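Peer 1: Quick one, entry.pdb (PDB, C-alpha atoms and all ligand atoms):
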ATOM      1  CA  MET A  92     104.769 117.642 119.409  1.00  0.00           C
ATOM      2  CA  LYS A  93     103.470 118.754 116.039  1.00  0.00           C
ATOM      3  CA  ILE A  94     101.671 116.855 113.314  1.00  0.00           C
ATOM      4  CA  ARG A  95     104.170 115.640 110.728  1.00  0.00           C
ATOM      5  CA  ILE A  96     103.792 116.715 107.118  1.00  0.00           C
ATOM      6  CA  ALA A  97     105.023 114.124 104.604  1.00  0.00           C
ATOM      7  CA  PRO A  98     104.915 115.533 101.070  1.00  0.00           C
ATOM      8  CA  SER A  99     104.591 112.875  98.396  1.00  0.00           C
ATOM      9  CA  ILE A 100     106.645 113.581  95.285  1.00  0.00           C
ATOM     10  CA  LEU A 101     104.208 111.600  93.136  1.00  0.00           C
ATOM     11  CA  SER A 102     102.708 114.839  91.825  1.00  0.00           C
ATOM     12  CA  ALA A 103     106.084 116.556  91.391  1.00  0.00           C
ATOM     13  CA  ASP A 104     107.780 117.382  88.105  1.00  0.00           C
ATOM     14  CA  PHE A 105     110.120 114.392  87.821  1.00  0.00           C
ATOM     15  CA  ALA A 106     112.475 116.272  85.526  1.00  0.00           C
ATOM     16  CA  ASN A 107     113.012 118.776  88.264  1.00  0.00           C
ATOM     17  CA  LEU A 108     113.042 116.854  91.528  1.00  0.00           C
ATOM     18  CA  ALA A 109     115.931 118.317  93.522  1.00  0.00           C
ATOM     19  CA  PRO A 110     114.759 121.969  93.518  1.00  0.00           C
ATOM     20  CA  GLN A 111     111.247 120.902  94.508  1.00  0.00           C
ATOM     21  CA  VAL A 112     112.575 118.767  97.356  1.00  0.00           C
ATOM     22  CA  HIS A 113     114.590 121.774  98.554  1.00  0.00           C
ATOM     23  CA  LEU A 114     111.424 123.885  98.577  1.00  0.00           C
ATOM     24  CA  LEU A 115     109.562 121.219 100.562  1.00  0.00           C
ATOM     25  CA  GLU A 116     112.443 121.161 103.013  1.00  0.00           C
ATOM     26  CA  ALA A 117     112.457 124.966 103.259  1.00  0.00           C
ATOM     27  CA  GLY A 118     108.721 124.859 104.021  1.00  0.00           C
ATOM     28  CA  GLY A 119     109.401 122.594 107.004  1.00  0.00           C
ATOM     29  CA  ALA A 120     108.397 119.165 105.685  1.00  0.00           C
ATOM     30  CA  ASP A 121     109.105 116.409 108.199  1.00  0.00           C
ATOM     31  CA  TYR A 122     109.503 113.513 105.791  1.00  0.00           C
ATOM     32  CA  LEU A 123     109.743 112.966 102.077  1.00  0.00           C
ATOM     33  CA  HIS A 124     107.105 110.373 101.150  1.00  0.00           C
ATOM     34  CA  LEU A 125     108.286 108.202  98.264  1.00  0.00           C
ATOM     35  CA  ASP A 126     105.624 106.136  96.479  1.00  0.00           C
ATOM     36  CA  VAL A 127     107.004 102.986  94.920  1.00  0.00           C
ATOM     37  CA  MET A 128     104.567 101.157  92.614  1.00  0.00           C
ATOM     38  CA  ASP A 129     105.140  97.906  90.762  1.00  0.00           C
ATOM     39  CA  GLY A 130     102.330  97.738  88.198  1.00  0.00           C
ATOM     40  CA  LYS A 131     101.054  94.559  89.904  1.00  0.00           C
ATOM     41  CA  PHE A 132      99.865  95.291  93.407  1.00  0.00           C
ATOM     42  CA  VAL A 133      98.727  98.640  92.031  1.00  0.00           C
ATOM     43  CA  PRO A 134      98.116  99.329  88.348  1.00  0.00           C
ATOM     44  CA  ASN A 135     100.725 102.071  88.101  1.00  0.00           C
ATOM     45  CA  LEU A 136     104.532 102.155  87.906  1.00  0.00           C
ATOM     46  CA  THR A 137     106.767 104.757  89.495  1.00  0.00           C
ATOM     47  CA  PHE A 138     110.417 104.447  90.476  1.00  0.00           C
ATOM     48  CA  GLY A 139     112.891 102.251  92.313  1.00  0.00           C
ATOM     49  CA  PRO A 140     116.029 102.447  94.454  1.00  0.00           C
ATOM     50  CA  PRO A 141     118.189 104.444  91.984  1.00  0.00           C
ATOM     51  CA  VAL A 142     115.871 107.471  92.188  1.00  0.00           C
ATOM     52  CA  VAL A 143     115.775 107.213  95.977  1.00  0.00           C
ATOM     53  CA  LYS A 144     119.573 106.988  96.047  1.00  0.00           C
ATOM     54  CA  SER A 145     119.915 110.118  93.909  1.00  0.00           C
ATOM     55  CA  LEU A 146     117.469 112.019  96.100  1.00  0.00           C
ATOM     56  CA  ARG A 147     119.438 110.915  99.170  1.00  0.00           C
ATOM     57  CA  ARG A 148     122.334 112.982  97.902  1.00  0.00           C
ATOM     58  CA  VAL A 149     120.313 116.207  97.746  1.00  0.00           C
ATOM     59  CA  THR A 150     118.380 116.237 101.029  1.00  0.00           C
ATOM     60  CA  GLY A 151     118.657 115.310 104.670  1.00  0.00           C
ATOM     61  CA  LEU A 152     114.887 114.791 105.046  1.00  0.00           C
ATOM     62  CA  PRO A 153     113.907 111.372 106.404  1.00  0.00           C
ATOM     63  CA  PHE A 154     112.699 109.135 103.580  1.00  0.00           C
ATOM     64  CA  ASP A 155     109.295 107.582 104.188  1.00  0.00           C
ATOM     65  CA  VAL A 156     109.193 104.882 101.519  1.00  0.00           C
ATOM     66  CA  HIS A 157     105.739 103.494 100.746  1.00  0.00           C
ATOM     67  CA  LEU A 158     106.147 100.161  98.977  1.00  0.00           C
ATOM     68  CA  MET A 159     103.052  99.431  96.895  1.00  0.00           C
ATOM     69  CA  VAL A 160     104.626  96.264  95.547  1.00  0.00           C
ATOM     70  CA  GLN A 161     104.064  92.548  95.690  1.00  0.00           C
ATOM     71  CA  GLU A 162     106.635  90.492  97.570  1.00  0.00           C
ATOM     72  CA  PRO A 163     108.184  93.566  99.206  1.00  0.00           C
ATOM     73  CA  GLU A 164     110.692  91.359 101.035  1.00  0.00           C
ATOM     74  CA  HIS A 165     112.856  91.392  97.879  1.00  0.00           C
ATOM     75  CA  PHE A 166     113.160  95.172  97.982  1.00  0.00           C
ATOM     76  CA  LEU A 167     113.935  95.852 101.627  1.00  0.00           C
ATOM     77  CA  GLU A 168     117.707  95.786 101.276  1.00  0.00           C
ATOM     78  CA  PRO A 169     117.899  97.760  98.015  1.00  0.00           C
ATOM     79  CA  PHE A 170     115.796 100.561  99.492  1.00  0.00           C
ATOM     80  CA  THR A 171     117.772 100.486 102.730  1.00  0.00           C
ATOM     81  CA  ASP A 172     120.998 100.848 100.755  1.00  0.00           C
ATOM     82  CA  ALA A 173     119.400 103.654  98.756  1.00  0.00           C
ATOM     83  CA  GLY A 174     118.815 105.645 101.944  1.00  0.00           C
ATOM     84  CA  ALA A 175     115.292 104.873 103.217  1.00  0.00           C
ATOM     85  CA  ASP A 176     114.521 105.682 106.845  1.00  0.00           C
ATOM     86  CA  ILE A 177     111.020 104.210 107.077  1.00  0.00           C
ATOM     87  CA  LEU A 178     109.912 101.256 104.965  1.00  0.00           C
ATOM     88  CA  THR A 179     106.174 100.667 104.803  1.00  0.00           C
ATOM     89  CA  VAL A 180     104.756  97.477 103.314  1.00  0.00           C
ATOM     90  CA  HIS A 181     101.141  96.642 102.559  1.00  0.00           C
ATOM     91  CA  ALA A 182      99.559  94.010 104.802  1.00  0.00           C
ATOM     92  CA  GLU A 183      97.547  92.770 101.786  1.00  0.00           C
ATOM     93  CA  VAL A 184     100.698  91.391 100.120  1.00  0.00           C
ATOM     94  CA  CYS A 185     102.421  89.991 103.214  1.00  0.00           C
ATOM     95  CA  PRO A 186     101.235  86.534 104.280  1.00  0.00           C
ATOM     96  CA  HIS A 187     104.168  86.607 106.718  1.00  0.00           C
ATOM     97  CA  LEU A 188     103.746  90.166 107.898  1.00  0.00           C
ATOM     98  CA  TYR A 189     105.499  89.630 111.206  1.00  0.00           C
ATOM     99  CA  ARG A 190     108.591  88.322 109.432  1.00  0.00           C
ATOM    100  CA  VAL A 191     108.699  91.241 106.981  1.00  0.00           C
ATOM    101  CA  VAL A 192     108.379  93.740 109.816  1.00  0.00           C
ATOM    102  CA  GLN A 193     111.202  91.975 111.654  1.00  0.00           C
ATOM    103  CA  SER A 194     113.368  92.121 108.532  1.00  0.00           C
ATOM    104  CA  ILE A 195     112.851  95.887 108.186  1.00  0.00           C
ATOM    105  CA  LYS A 196     113.785  96.427 111.818  1.00  0.00           C
ATOM    106  CA  GLY A 197     116.737  94.093 111.418  1.00  0.00           C
ATOM    107  CA  LEU A 198     118.019  96.432 108.728  1.00  0.00           C
ATOM    108  CA  GLY A 199     117.941  99.249 111.269  1.00  0.00           C
ATOM    109  CA  LEU A 200     114.940 101.080 109.776  1.00  0.00           C
ATOM    110  CA  ARG A 201     111.555 102.047 111.140  1.00  0.00           C
ATOM    111  CA  ALA A 202     108.880  99.595 110.010  1.00  0.00           C
ATOM    112  CA  GLY A 203     105.485 100.649 108.711  1.00  0.00           C
ATOM    113  CA  VAL A 204     102.420  98.638 107.698  1.00  0.00           C
ATOM    114  CA  ALA A 205      99.897 100.092 105.247  1.00  0.00           C
ATOM    115  CA  LEU A 206      96.254  99.093 104.915  1.00  0.00           C
ATOM    116  CA  ASN A 207      94.015  99.750 101.926  1.00  0.00           C
ATOM    117  CA  PRO A 208      90.675 101.405 102.702  1.00  0.00           C
ATOM    118  CA  ALA A 209      88.771  98.089 102.718  1.00  0.00           C
ATOM    119  CA  THR A 210      91.319  96.123 104.771  1.00  0.00           C
ATOM    120  CA  PRO A 211      90.128  95.598 108.349  1.00  0.00           C
ATOM    121  CA  LEU A 212      92.220  96.756 111.285  1.00  0.00           C
ATOM    122  CA  HIS A 213      92.413  93.392 112.988  1.00  0.00           C
ATOM    123  CA  VAL A 214      95.412  92.403 110.823  1.00  0.00           C
ATOM    124  CA  MET A 215      97.388  94.822 113.003  1.00  0.00           C
ATOM    125  CA  GLU A 216      96.381  93.277 116.290  1.00  0.00           C
ATOM    126  CA  TYR A 217      99.280  90.855 116.755  1.00  0.00           C
ATOM    127  CA  VAL A 218     102.029  92.917 115.134  1.00  0.00           C
ATOM    128  CA  LEU A 219     101.231  96.260 116.698  1.00  0.00           C
ATOM    129  CA  ASP A 220     103.954  95.845 119.324  1.00  0.00           C
ATOM    130  CA  GLN A 221     106.504  95.414 116.510  1.00  0.00           C
ATOM    131  CA  VAL A 222     105.619  98.234 114.125  1.00  0.00           C
ATOM    132  CA  ASP A 223     106.680 101.865 114.275  1.00  0.00           C
ATOM    133  CA  LEU A 224     104.024 103.202 111.930  1.00  0.00           C
ATOM    134  CA  VAL A 225     100.573 102.313 110.631  1.00  0.00           C
ATOM    135  CA  LEU A 226      99.622 103.882 107.317  1.00  0.00           C
ATOM    136  CA  LEU A 227      95.907 104.043 106.641  1.00  0.00           C
ATOM    137  CA  MET A 228      95.127 104.632 102.982  1.00  0.00           C
ATOM    138  CA  THR A 229      92.347 107.158 102.482  1.00  0.00           C
ATOM    139  CA  VAL A 230      92.232 106.357  98.746  1.00  0.00           C
ATOM    140  CA  ASN A 231      92.861 103.114  96.898  1.00  0.00           C
ATOM    141  CA  PRO A 232      96.572 103.285  96.161  1.00  0.00           C
ATOM    142  CA  GLY A 233      97.804 103.781  92.614  1.00  0.00           C
ATOM    143  CA  TRP A 234      97.581 107.449  91.716  1.00  0.00           C
ATOM    144  CA  GLY A 235      97.836 110.886  93.175  1.00  0.00           C
ATOM    145  CA  GLY A 236      94.910 113.260  92.993  1.00  0.00           C
ATOM    146  CA  GLN A 237      92.119 110.820  93.869  1.00  0.00           C
ATOM    147  CA  ALA A 238      89.111 111.674  95.995  1.00  0.00           C
ATOM    148  CA  PHE A 239      89.345 111.133  99.749  1.00  0.00           C
ATOM    149  CA  ILE A 240      87.256 108.208 101.058  1.00  0.00           C
ATOM    150  CA  GLN A 241      85.330 109.707 103.952  1.00  0.00           C
ATOM    151  CA  GLN A 242      84.400 106.330 105.465  1.00  0.00           C
ATOM    152  CA  VAL A 243      88.041 105.784 106.451  1.00  0.00           C
ATOM    153  CA  CYS A 244      87.672 108.449 109.164  1.00  0.00           C
ATOM    154  CA  ARG A 245      85.900 105.923 111.390  1.00  0.00           C
ATOM    155  CA  LYS A 246      88.805 103.574 110.786  1.00  0.00           C
ATOM    156  CA  ILE A 247      91.333 106.265 111.749  1.00  0.00           C
ATOM    157  CA  GLU A 248      89.432 106.848 114.993  1.00  0.00           C
ATOM    158  CA  LYS A 249      89.390 103.126 115.703  1.00  0.00           C
ATOM    159  CA  MET A 250      93.108 102.744 114.957  1.00  0.00           C
ATOM    160  CA  ARG A 251      93.836 105.729 117.199  1.00  0.00           C
ATOM    161  CA  ARG A 252      92.016 103.972 120.049  1.00  0.00           C
ATOM    162  CA  MET A 253      93.818 100.695 119.328  1.00  0.00           C
ATOM    163  CA  ILE A 254      97.207 102.434 119.510  1.00  0.00           C
ATOM    164  CA  ASP A 255      96.354 104.458 122.601  1.00  0.00           C
ATOM    165  CA  ASP A 256      94.917 101.432 124.415  1.00  0.00           C
ATOM    166  CA  SER A 257      97.959  99.320 123.523  1.00  0.00           C
ATOM    167  CA  GLY A 258     100.393 101.771 125.093  1.00  0.00           C
ATOM    168  CA  PHE A 259     102.830 101.094 122.229  1.00  0.00           C
ATOM    169  CA  LYS A 260     104.552 103.939 120.480  1.00  0.00           C
ATOM    170  CA  VAL A 261     103.128 103.701 116.977  1.00  0.00           C
ATOM    171  CA  GLU A 262     102.791 106.566 114.527  1.00  0.00           C
ATOM    172  CA  LEU A 263      99.488 106.858 112.664  1.00  0.00           C
ATOM    173  CA  GLU A 264      99.886 108.137 109.120  1.00  0.00           C
ATOM    174  CA  VAL A 265      97.197 108.772 106.515  1.00  0.00           C
ATOM    175  CA  ASP A 266      97.653 108.940 102.752  1.00  0.00           C
ATOM    176  CA  GLY A 267      95.432 110.015  99.871  1.00  0.00           C
ATOM    177  CA  GLY A 268      93.155 112.904  99.072  1.00  0.00           C
ATOM    178  CA  ILE A 269      94.377 115.119 101.911  1.00  0.00           C
ATOM    179  CA  ASN A 270      93.656 118.757 101.125  1.00  0.00           C
ATOM    180  CA  LEU A 271      92.374 121.819 102.950  1.00  0.00           C
ATOM    181  CA  SER A 272      88.831 120.392 102.956  1.00  0.00           C
ATOM    182  CA  THR A 273      89.757 116.955 104.332  1.00  0.00           C
ATOM    183  CA  ILE A 274      92.650 117.751 106.667  1.00  0.00           C
ATOM    184  CA  GLU A 275      90.404 118.591 109.615  1.00  0.00           C
ATOM    185  CA  SER A 276      88.607 115.250 109.613  1.00  0.00           C
ATOM    186  CA  VAL A 277      91.809 113.166 109.586  1.00  0.00           C
ATOM    187  CA  VAL A 278      93.600 115.192 112.236  1.00  0.00           C
ATOM    188  CA  ALA A 279      90.499 115.240 114.429  1.00  0.00           C
ATOM    189  CA  ALA A 280      90.161 111.472 113.964  1.00  0.00           C
ATOM    190  CA  GLY A 281      93.687 110.945 115.290  1.00  0.00           C
ATOM    191  CA  ALA A 282      96.254 110.973 112.482  1.00  0.00           C
ATOM    192  CA  ASP A 283      99.805 111.956 113.501  1.00  0.00           C
ATOM    193  CA  SER A 284     101.321 112.259 110.025  1.00  0.00           C
ATOM    194  CA  LEU A 285      99.805 113.459 106.798  1.00  0.00           C
ATOM    195  CA  VAL A 286     100.965 112.393 103.354  1.00  0.00           C
ATOM    196  CA  ILE A 287     100.056 115.176 100.951  1.00  0.00           C
ATOM    197  CA  GLY A 288     100.683 115.013  97.221  1.00  0.00           C
ATOM    198  CA  SER A 289      98.637 116.810  94.577  1.00  0.00           C
ATOM    199  CA  ALA A 290      97.241 119.434  96.964  1.00  0.00           C
ATOM    200  CA  LEU A 291     100.758 120.709  97.713  1.00  0.00           C
ATOM    201  CA  PHE A 292     101.999 120.705  94.154  1.00  0.00           C
ATOM    202  CA  LYS A 293      98.940 122.566  92.875  1.00  0.00           C
ATOM    203  CA  GLY A 294     100.131 125.828  94.354  1.00  0.00           C
ATOM    204  CA  ALA A 295     102.851 128.037  92.886  1.00  0.00           C
ATOM    205  CA  ASP A 296     104.565 128.383  96.266  1.00  0.00           C
ATOM    206  CA  LEU A 297     105.556 124.878  97.373  1.00  0.00           C
ATOM    207  CA  ALA A 298     107.264 125.928 100.611  1.00  0.00           C
ATOM    208  CA  GLY A 299     104.322 128.180 101.475  1.00  0.00           C
ATOM    209  CA  MET A 300     101.900 125.307 100.879  1.00  0.00           C
ATOM    210  CA  VAL A 301     103.764 123.089 103.359  1.00  0.00           C
ATOM    211  CA  ARG A 302     103.585 125.898 105.930  1.00  0.00           C
ATOM    212  CA  GLU A 303      99.890 126.410 105.269  1.00  0.00           C
ATOM    213  CA  TYR A 304      99.106 122.722 105.792  1.00  0.00           C
ATOM    214  CA  ARG A 305     101.110 122.641 109.004  1.00  0.00           C
ATOM    215  CA  LYS A 306      99.365 125.755 110.317  1.00  0.00           C
ATOM    216  CA  THR A 307      95.963 124.270 109.493  1.00  0.00           C
ATOM    217  CA  ALA A 308      96.837 120.917 111.112  1.00  0.00           C
ATOM    218  CA  GLU A 309      98.011 122.673 114.250  1.00  0.00           C
ATOM    219  CA  LYS A 310      94.859 124.764 114.412  1.00  0.00           C
ATOM    220  CA  VAL A 311      92.762 121.575 114.211  1.00  0.00           C
ATOM    221  CA  CYS A 312      94.842 119.974 116.986  1.00  0.00           C
ATOM    222  CA  CYS A 313      94.227 123.005 119.106  1.00  0.00           C
ATOM    223  CA  ILE A 314      90.461 123.069 118.460  1.00  0.00           C
ATOM    224  CA  HIS A 315      90.138 119.335 119.139  1.00  0.00           C
ATOM    225  CA  ARG A 316      92.671 119.405 122.003  1.00  0.00           C
ATOM    226  CA  ARG A 317      94.719 116.698 120.353  1.00  0.00           C
ATOM    227  CA  LYS A 318      98.145 115.850 121.681  1.00  0.00           C
ATOM    228  CA  VAL A 319     100.568 114.320 119.201  1.00  0.00           C
ATOM    229  CA  ASP A 320     103.355 112.024 120.364  1.00  0.00           C
ATOM    230  CA  GLU A 321     106.945 112.496 119.424  1.00  0.00           C
ATOM    231  CA  PHE A 322     108.511 109.688 117.408  1.00  0.00           C
TER
HETATM  232  C1  LIG A 401      98.620 107.008  96.349  1.00  0.00           C
HETATM  233  C2  LIG A 401      99.929 107.325  97.034  1.00  0.00           C
HETATM  234  C3  LIG A 401      99.927 108.655  97.678  1.00  0.00           C
HETATM  235  C4  LIG A 401      99.699 109.814  96.737  1.00  0.00           C
HETATM  236  C5  LIG A 401      98.887 110.801  97.467  1.00  0.00           C
HETATM  237  O1  LIG A 401      98.592 105.729  95.927  1.00  0.00           O
HETATM  238  O2  LIG A 401     100.246 106.370  98.018  1.00  0.00           O
HETATM  239  O3  LIG A 401     101.060 108.865  98.508  1.00  0.00           O
HETATM  240  O4  LIG A 401     100.858 110.444  96.301  1.00  0.00           O
HETATM  241  O5  LIG A 401      98.525 111.780  96.583  1.00  0.00           O
HETATM  242  P1  LIG A 401      97.299 112.744  96.833  1.00  0.00           P
HETATM  243  O6  LIG A 401      97.651 113.550  98.070  1.00  0.00           O
HETATM  244  O7  LIG A 401      97.263 113.549  95.610  1.00  0.00           O
HETATM  245  O8  LIG A 401      96.085 111.890  97.035  1.00  0.00           O
HETATM  246 ZN    ZN A 402     101.869 106.910  99.534  1.00  0.00          ZN
END
Spell out the structure here as structure tokens.
Ligand code: DX5
Ligand code: ZN
Peer 2:
Amino acid sequence: MKIRIAPSILSADFANLAPQVHLLEAGGADYLHLDVMDGKFVPNLTFGPPVVKSLRRVTGLPFDVHLMVQEPEHFLEPFTDAGADILTVHAEVCPHLYRVVQSIKGLGLRAGVALNPATPLHVMEYVLDQVDLVLLMTVNPGWGGQAFIQQVCRKIEKMRRMIDDSGFKVELEVDGGINLSTIESVVAAGADSLVIGSALFKGADLAGMVREYRKTAEKVCCIHRRKVDEF
């Protein structure tokens, strides 16, 4: 199975979303990564369920909704109704992480847990059997276009081992600063899914950029003999 490419629309032209989403789809994107920020957990604000609902009408791509919000439990239903397929919450804002994960699954969605670069992996230990996806942040969340934090590669490797040793089917996604210079290290370290924002939207040919990133990821998998699970 191939590495999944999850374009983040954070760097898109928000006045022109539908045509850009169609180009991402034409390029073979696997998910649409939607970054929801509340101005509290992270210092930036983005969008809420109405935007997701409108996008739902223009694409069949699975929606990978990254909730960078405090008290995410209040937003699970609104984003489910808006058309989310994966809901990812940050462990840092969930004192009752197990319960939140259960609620997401109870709504019939895939449940993800995100960790900031400095958050240790052990918070995943006792929920790993419940989650569908672990999102390791390779920047501190808040903006697109930030520099990749190289130290997280060790963490990706460690998480990869944790997942493989557990035998559970958990997708390992990485987010932040992924570009043609950093893609090799994250894929080699064990990431299954790549969130890519500014690097994709920099180019004039959005669909071609998605294809280029997929080709590069597959080449790295081949060189490092990495097998990627199907989810
Ligand atoms: C950052 C967001 C990312 C962001 C990635 O807080 O979670 O999804 O869009 O953007 P780049 O790829 O530009 O770092
Ligand atoms: Zn994100």
Peer 1: Take every atom of ligand LIG 401 (chain A) listed in the file, fit an axis-aligned box around them, add 5 Å per side, and give the centre and edge lengths in Å to one decimal as JSON.
Peer 2:
{"center_x": 98.6, "center_y": 109.6, "center_z": 97.1, "size_x": 15.0, "size_y": 17.8, "size_z": 12.9}
Peer 1: Can you tell me how far CA of Gln161 in chain A sits from CA of Gln237 in chain A, in Å to one decimal?
Peer 2: 21.9 Å
Peer 1: Name all residues at most 12 Å from Gln242 in chain A (count all atoms listed in the file; drop same-chain ones fewer than 3 positions away) and give them as an MDAnalysis selection string.
Peer 2: chainID A and resid 208:209 227:230 238:239 245:249 273 276:277 280
Peer 1: Have a look at A:Val156, A:Val204, A:Ala109, A:Ala117 and name the one nearest to ligand ZN 402 (chain A); count all atoms listed in the file.
Peer 2: A:Val156
Peer 1: What does the list of residues within 8 Å of ligand LIG 401 (chain A) look like if you count only C-alpha atoms and all ligand atoms, written as a VMD selection string?
Peer 2: chain A and resid 99 to 102 124 to 126 157 159 228 230 to 239 266 to 270 286 to 291
Peer 1: Which neighbours of range 169-174 of chain A fall inside 9 Å, counting all atoms listed in the file, when residues of the same chain fewer than 2 positions from it are skipped, and could you give them as an NGL selection string?
Peer 2: :A and (139-147 or 153-154 or 156 or 165-167 or 176-178 or 195 or 198-200)
Peer 1: Between A:Cys313, A:Leu297, A:Val133, A:Leu285, which one has atoms that come closest to Arg95 in chain A, using only C-alpha atoms?
Peer 2: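 When distances to Arg95 in chain A are compared using only C-alpha atoms, the smallest one comes from A:Leu285.
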Peer 1: Please write as a short mmCIF file (atom, residue, chain, number, x, y, z; two decimals) with C-alpha atoms, in the frame of the given file the full residue list that the PyMOL selection byres (((chain A and resi 93) around 12) and not hetatm) yields on this file.
Peer 2:
data_model
loop_
_atom_site.label_atom_id
_atom_site.label_comp_id
_atom_site.auth_asym_id
_atom_site.auth_seq_id
_atom_site.Cartn_x
_atom_site.Cartn_y
_atom_site.Cartn_z
CA MET A 92 104.77 117.64 119.41
CA ILE A 94 101.67 116.86 113.31
CA ARG A 95 104.17 115.64 110.73
CA ILE A 96 103.79 116.72 107.12
CA GLY A 119 109.40 122.59 107.00
CA ALA A 120 108.40 119.16 105.68
CA ASP A 121 109.10 116.41 108.20
CA VAL A 278 93.60 115.19 112.24
CA ALA A 282 96.25 110.97 112.48
CA ASP A 283 99.80 111.96 113.50
CA SER A 284 101.32 112.26 110.02
CA LEU A 285 99.80 113.46 106.80
CA TYR A 304 99.11 122.72 105.79
CA ARG A 305 101.11 122.64 109.00
CA LYS A 306 99.36 125.76 110.32
CA THR A 307 95.96 124.27 109.49
CA ALA A 308 96.84 120.92 111.11
CA GLU A 309 98.01 122.67 114.25
CA LYS A 310 94.86 124.76 114.41
CA VAL A 311 92.76 121.58 114.21
CA CYS A 312 94.84 119.97 116.99
CA CYS A 313 94.23 123.00 119.11
CA ARG A 317 94.72 116.70 120.35
CA LYS A 318 98.14 115.85 121.68
CA VAL A 319 100.57 114.32 119.20
CA ASP A 320 103.36 112.02 120.36
CA GLU A 321 106.94 112.50 119.42
CA PHE A 322 108.51 109.69 117.41
#
Peer 1: Atoms are missing here; could range 92-97 of chain A be completed with all heavy atoms and written as a compact mmCIF listing (two decimals), in the coordinates of the input?
Peer 2:
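Resulting contents of result_1.txt:
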# COMPACT_ATOMS: atom_id res chain seq x y z
N MET A 92 104.10 117.88 120.71
CA MET A 92 104.77 117.64 119.41
C MET A 92 103.80 117.91 118.26
O MET A 92 102.60 117.71 118.40
CB MET A 92 105.26 116.18 119.39
CG MET A 92 105.94 115.71 118.12
SD MET A 92 107.49 116.56 117.78
CE MET A 92 107.85 115.92 116.15
N LYS A 93 104.32 118.37 117.16
CA LYS A 93 103.47 118.75 116.04
C LYS A 93 103.11 117.58 115.13
O LYS A 93 103.79 116.55 115.13
CB LYS A 93 104.19 119.82 115.22
CG LYS A 93 105.57 119.37 114.74
CD LYS A 93 106.29 120.53 114.07
CE LYS A 93 107.74 120.28 113.73
NZ LYS A 93 108.10 119.26 112.83
N ILE A 94 102.05 117.79 114.38
CA ILE A 94 101.67 116.86 113.31
C ILE A 94 102.79 116.86 112.27
O ILE A 94 103.34 117.92 111.96
CB ILE A 94 100.36 117.35 112.63
CG1 ILE A 94 99.20 117.33 113.61
CG2 ILE A 94 100.07 116.61 111.34
CD1 ILE A 94 98.50 116.01 113.75
N ARG A 95 103.13 115.69 111.75
CA ARG A 95 104.17 115.64 110.73
C ARG A 95 103.56 115.75 109.32
O ARG A 95 102.54 115.12 109.04
CB ARG A 95 104.98 114.34 110.85
CG ARG A 95 106.04 114.43 111.93
CD ARG A 95 106.45 113.08 112.41
NE ARG A 95 105.33 112.43 113.05
CZ ARG A 95 104.99 112.62 114.31
NH1 ARG A 95 105.69 113.43 115.07
NH2 ARG A 95 103.95 112.02 114.83
N ILE A 96 104.23 116.55 108.51
CA ILE A 96 103.79 116.72 107.12
C ILE A 96 104.77 115.93 106.24
O ILE A 96 105.98 116.14 106.29
CB ILE A 96 103.80 118.22 106.70
CG1 ILE A 96 102.96 119.07 107.67
CG2 ILE A 96 103.31 118.37 105.26
CD1 ILE A 96 101.47 118.86 107.65
N ALA A 97 104.20 115.00 105.44
CA ALA A 97 105.02 114.12 104.60
C ALA A 97 104.64 114.33 103.13
O ALA A 97 103.78 113.62 102.62
CB ALA A 97 104.80 112.67 105.02
